[in-house]
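Working notes for the structure below.
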Amino acid sequence: LHRVDRRQRQMCIRDRSDDGLGVPKEDLNNLFEPFFRVSQSRQRNSGGTGLGLAICKHAILAHNGSIKLHNQKDSGLSVIIKLPTNTEEI
């Protein structure tokens with residue numbers, strides 16, 4: 001897990017990435033859909049329920065932020081979360 005935190009223009013930016021296989025490009029946006037899992041063959045006890053990113057997206061949007069997913073150049077998935085730090089705008 002790689003981590004980058006920084007502040008830019010009243011925004012807190014958090015970048016998290018791993019060194020796994022990544023996600024097929026056509027499935028990236030589907031990761032935000034409730035109960036979606038890239039590998040449908042995974043069981044709930046080993047692969048989760050598919051709710052984590054759906055919940056995160058709704059919470060982040062409720063705070064006027066954004067969340068983006070992209071595959072890294074060599075391997076792994078990167079998640080970039082941006083949240084406003086100026087609470088007067090919320």
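Chain labels run A, B, ... following the order of the structure tokens; each chain numbers its residues from 1, and ligands are numbered from 1 in the order shown.
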
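The protein and nucleic acid residues lying at most 9 Å from His70 (chain A) are Gly22, Val23, Lys25, Leu28, Gly76, Leu77, Ser78, Val79 and Ile80 of chain A, with only C-alpha atoms considered and sequence neighbours fewer than 3 positions away removed.
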
### Task
Write down as number ranges by chain the residues of region 10-57 of chain A whose backbone DSSP state falls under strand (DSSP E).
A: 11-17

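Here CA of Asn86 (chain A) is placed at a distance of 7.7 Å from CA of Met11 (chain A).
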
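Of the residues listed (A:Leu31, A:Arg16, A:Lys82, A:Ser39), A:Lys82 shows the shortest atom-to-atom separation from Asn64 (chain A); distances use only C-alpha atoms.
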
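Atom to atom, CA of Ser75 (chain A) and CA of Pro24 (chain A) stand 11.4 Å apart.
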
### Query
In Å, how far is it from CA of Glu33 (chain A) to CA of Thr85 (chain A)?
26.9 Å

### Query
Out of A:Cys12, A:Asp19, A:Asn29, A:Gly48, which residue has the shortest atom-to-atom distance to His63 (chain A) when counting only C-alpha atoms?
A:Cys12

### Message
So that I can see what lies close to Phe35 (chain A), please list as a PyMOL selection string the residues with an atom at most 8 Å from it, counting only C-alpha atoms and leaving out residues fewer than 4 positions away in the same chain.
### Response
chain A and resi 49-51

May I have the residues from that selection written out with N, CA and C atoms, as a JSON list (two decimals), in the first residue's frame?
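out-v4.json, freshly written:
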```
[["chain", "number", "residue", "atom", "x", "y", "z"],
["A", 49, "THR", "N", -18.25, -7.83, 0.30],
["A", 49, "THR", "CA", -19.62, -7.79, -0.22],
["A", 49, "THR", "C", -19.78, -6.88, -1.43],
["A", 50, "GLY", "N", -18.78, -6.04, -1.68],
["A", 50, "GLY", "CA", -18.89, -5.11, -2.79],
["A", 50, "GLY", "C", -19.59, -3.81, -2.40],
["A", 51, "LEU", "N", -19.60, -3.49, -1.12],
["A", 51, "LEU", "CA", -20.26, -2.26, -0.65],
["A", 51, "LEU", "C", -19.29, -1.14, -0.29]]
```

### Selection: 7 Å around region 55-58 of chain A, only C-alpha atoms, excl. self and same-chain fewer than 3 positions, as a VMD selection string
chain A and resid 32 51 to 52 61 to 62 67

Print the selection's residues with N, CA and C atoms to a file, as an mmCIF file, in the first residue's frame.
```cif
data_model
loop_
_atom_site.group_PDB
_atom_site.id
_atom_site.type_symbol
_atom_site.label_atom_id
_atom_site.label_comp_id
_atom_site.auth_asym_id
_atom_site.auth_seq_id
_atom_site.Cartn_x
_atom_site.Cartn_y
_atom_site.Cartn_z
ATOM 1 N N PHE A 32 -17.921 1.248 -8.095
ATOM 2 C CA PHE A 32 -18.725 2.101 -7.220
ATOM 3 C C PHE A 32 -20.172 1.618 -7.102
ATOM 4 N N LEU A 51 -19.603 -3.488 -1.116
ATOM 5 C CA LEU A 51 -20.261 -2.258 -0.654
ATOM 6 C C LEU A 51 -19.292 -1.143 -0.291
ATOM 7 N N GLY A 52 -18.047 -1.471 -0.035
ATOM 8 C CA GLY A 52 -17.094 -0.489 0.479
ATOM 9 C C GLY A 52 -16.939 0.764 -0.361
ATOM 10 N N LEU A 61 -19.071 12.326 -1.837
ATOM 11 C CA LEU A 61 -19.903 13.268 -2.592
ATOM 12 C C LEU A 61 -20.758 14.115 -1.662
ATOM 13 N N ALA A 62 -21.222 13.544 -0.553
ATOM 14 C CA ALA A 62 -22.022 14.299 0.417
ATOM 15 C C ALA A 62 -21.219 15.423 1.060
ATOM 16 N N ILE A 67 -13.936 11.176 -5.814
ATOM 17 C CA ILE A 67 -13.128 9.969 -5.718
ATOM 18 C C ILE A 67 -12.923 9.431 -7.132
#
```

### Query
Smallest atom-to-atom distance to Lys73 (chain A): which of A:Arg14, A:Ala59, A:Asn30, A:Leu21, using only C-alpha atoms?
A:Leu21
